[in-house]
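Below: one structure, written as structure tokens.
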Number of protein chains: 2
Amino acid sequence: MTDKANLAEKLAGFDQHYAPRTVAEFNGHDVMVAKLKGPFVWHKHDETDDFFLVLKGILDIEMRDRTVTLGPGEVFVVPRGVEHRPVAREEVHIMLIEPTGTPNSGDPKTAAPRRLV
Amino acid sequence: MTDKANLAEKLAGFDQHYAPRTVAEFNGHDVMVAKLKGPFVWHKHDETDDFFLVLKGILDIEMRDRTVTLGPGEVFVVPRGVEHRPVAREEVHIMLIEPTGTPNSGDPKTAAPRRLV
């Protein structure tokens with residue numbers, strides 16, 4: 001974790017969807033890359049904001065009252081406590097940042113395991 | 001701050017070097033974009049790691065014992081307490097993340113003011 005991370009190279013190393021890989025650590029947070037396709041589950045994080053940067057593709061972040069559509073080079077932060085559902089119409093690549101240990105689904109029972117690459 | 005931020009559009013809105021613009025807030029941190037050219041000052045942050053993502057150009061992050069060279073799509077985190085000096089040979093565009101209020105030069109006396117865009 002003391003070297004740089006090339007995000008495209010890290011993304012090329014796996015195919016699974018909604019299975020983030022940690023590429024760096026920062027102030028108690030994991031910097032991750034993920035591939036998304038189709039809808040994720042509705043969820044929220046009561047204790048943390050949810051940072052998204054789209055690297056490739058078009059991502060809808062549905063919230064109960066509106067949808068934010070992100071393309072490459074666009075950032076959006078879902079505030080803590082706000083229910084949301086990412087929906088990737090085609091495969092989307094993102095960088096995301098969350099406190100280390102945050103369950104990606106909002107629930108430890110259904111969360112993807114932490115994977116470092 | 002409740003809408004998305006297009007990083008390229010935010011970068012197109014100013015010309016100054018080493019004068020970050022805050023484009024989003026996240027868990028007590030500012031998500032910023034900046035244009036760099038030439039060398040910055042040697043500095044460190046004792047209380048926070050320093051997150052860099054290069055969007056355009058080639059950036060050297062000099063440390064006392066080594067230099068990490070970053071191109072577009074590459075992330076590096078300078079650990080807290082580590083002296084470093086960013087050096088941009090040509091104009092470089094970056095996204096950076098630091099706790100809100102962190103002086104970019106490591107010293108409030110010489111730091112760029114916080115600017116929201």
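Residues are referred to by chain and number: the chain letter is A, B, ... according to the order shown in the structure tokens, the number counts from 1 in that chain, and ligands are numbered separately from 1 in the order shown.
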
Review point. Once you count only C-alpha atoms, which residues of chain B turn out to be within 9 Å of chain A? Could you give them as JSON, numbers by chain?
Key: {"B": [1, 2, 3, 4, 5, 6, 7, 8, 23, 24, 25, 26, 27, 48, 49, 50, 51, 55, 68, 69, 70, 71, 72, 73, 74, 75, 76, 77, 78, 79, 80]}

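DSSP annotation of stretch 1-109 of chain B from backbone atoms: helix (DSSP H, G or I) residues are Leu7, Ala8, Glu9, Lys10, Leu11 and Ala12 of chain B.
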
Exercise for review: Measure the distance from atom CA of B:Ile58 to atom CA of B:Leu116 in Å and round it to one decimal.
Suggested key: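 Interatomic distance, atom CA of B:Ile58 to atom CA of B:Leu116: 25.3 Å.
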
Review point. Between atom CA of B:Ala19 and atom CA of B:Asp60, what is the distance, to one decimal in Å?
Key: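 Distance reported for this atom pair: 17.8 Å.
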
**Study point:** Close residues, stretch 85-89 of chain B itself excluded, 9 Å, only C-alpha atoms, min 6 positions apart in chain, as a PyMOL selection string
**Key:** chain B and resi 36-44+57-64

Export N, CA and C atoms of the chosen residues as an mmCIF file, in the first residue's frame?
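Saved to again-v9.cif:
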data_model
loop_
_atom_site.group_PDB
_atom_site.id
_atom_site.type_symbol
_atom_site.label_atom_id
_atom_site.label_comp_id
_atom_site.auth_asym_id
_atom_site.auth_seq_id
_atom_site.Cartn_x
_atom_site.Cartn_y
_atom_site.Cartn_z
ATOM 1 N N LEU B 36 -1.586 22.222 -11.180
ATOM 2 C CA LEU B 36 -0.226 22.359 -10.655
ATOM 3 C C LEU B 36 0.708 22.644 -11.811
ATOM 4 N N LYS B 37 1.698 23.471 -11.571
ATOM 5 C CA LYS B 37 2.763 23.645 -12.559
ATOM 6 C C LYS B 37 4.019 24.066 -11.812
ATOM 7 N N GLY B 38 5.123 23.401 -12.154
ATOM 8 C CA GLY B 38 6.365 23.682 -11.449
ATOM 9 C C GLY B 38 6.389 22.994 -10.097
ATOM 10 N N PRO B 39 7.401 23.314 -9.297
ATOM 11 C CA PRO B 39 7.517 22.683 -7.984
ATOM 12 C C PRO B 39 6.669 23.397 -6.936
ATOM 13 N N PHE B 40 6.111 22.628 -6.001
ATOM 14 C CA PHE B 40 5.464 23.202 -4.827
ATOM 15 C C PHE B 40 6.529 23.269 -3.727
ATOM 16 N N VAL B 41 6.133 23.625 -2.518
ATOM 17 C CA VAL B 41 7.084 23.679 -1.402
ATOM 18 C C VAL B 41 7.174 22.311 -0.727
ATOM 19 N N TRP B 42 8.317 22.020 -0.157
ATOM 20 C CA TRP B 42 8.446 20.855 0.716
ATOM 21 C C TRP B 42 7.562 21.080 1.939
ATOM 22 N N HIS B 43 6.764 20.066 2.283
ATOM 23 C CA HIS B 43 5.896 20.208 3.453
ATOM 24 C C HIS B 43 5.436 18.832 3.909
ATOM 25 N N LYS B 44 4.788 18.811 5.058
ATOM 26 C CA LYS B 44 4.158 17.577 5.538
ATOM 27 C C LYS B 44 2.923 17.943 6.333
ATOM 28 N N GLY B 57 -1.723 14.900 -17.199
ATOM 29 C CA GLY B 57 -0.316 15.255 -17.028
ATOM 30 C C GLY B 57 0.444 14.255 -16.183
ATOM 31 N N ILE B 58 1.684 14.585 -15.924
ATOM 32 C CA ILE B 58 2.595 13.711 -15.166
ATOM 33 C C ILE B 58 3.070 14.469 -13.936
ATOM 34 N N LEU B 59 2.893 13.867 -12.777
ATOM 35 C CA LEU B 59 3.249 14.518 -11.512
ATOM 36 C C LEU B 59 4.287 13.697 -10.763
ATOM 37 N N ASP B 60 5.378 14.350 -10.417
ATOM 38 C CA ASP B 60 6.339 13.730 -9.505
ATOM 39 C C ASP B 60 5.980 14.119 -8.075
ATOM 40 N N ILE B 61 5.881 13.132 -7.222
ATOM 41 C CA ILE B 61 5.769 13.422 -5.797
ATOM 42 C C ILE B 61 7.089 13.030 -5.168
ATOM 43 N N GLU B 62 7.894 14.053 -4.917
ATOM 44 C CA GLU B 62 9.204 13.818 -4.325
ATOM 45 C C GLU B 62 9.058 13.636 -2.823
ATOM 46 N N MET B 63 9.710 12.610 -2.310
ATOM 47 C CA MET B 63 9.860 12.437 -0.875
ATOM 48 C C MET B 63 11.354 12.413 -0.607
ATOM 49 N N ARG B 64 11.755 12.454 0.651
ATOM 50 C CA ARG B 64 13.188 12.586 0.943
ATOM 51 C C ARG B 64 13.974 11.374 0.463
#

Check your understanding: By how many Å are atom CA of B:Met95 and atom CA of B:Ala111 apart?
Key -> 17.4 Å

**Study point:** For B:His93: contacts at 6 Å, only C-alpha atoms, fewer than 4 positions along chain excluded, given as a ChimeraX atom specification
**Key:** /B:34-35,55-56

Exercise for review: May I have the residues within 9 Å of B:Pro113 as a list of chain:residue names, using only C-alpha atoms and disregarding those fewer than 4 positions away in the same chain?
Suggested key: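 Contacts, with the query itself left out: B:Ala19, B:Pro20, B:Pro103, B:Asn104.
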
Practice item. Would you list, as a ChimeraX atom specification, the residues of chain B that end up in strand (DSSP E or B) under DSSP run on this structure's backbone? Key: /B:5-6,17,21-26,29-39,43,50-56,59-63,67-70,74-78,84-99,116
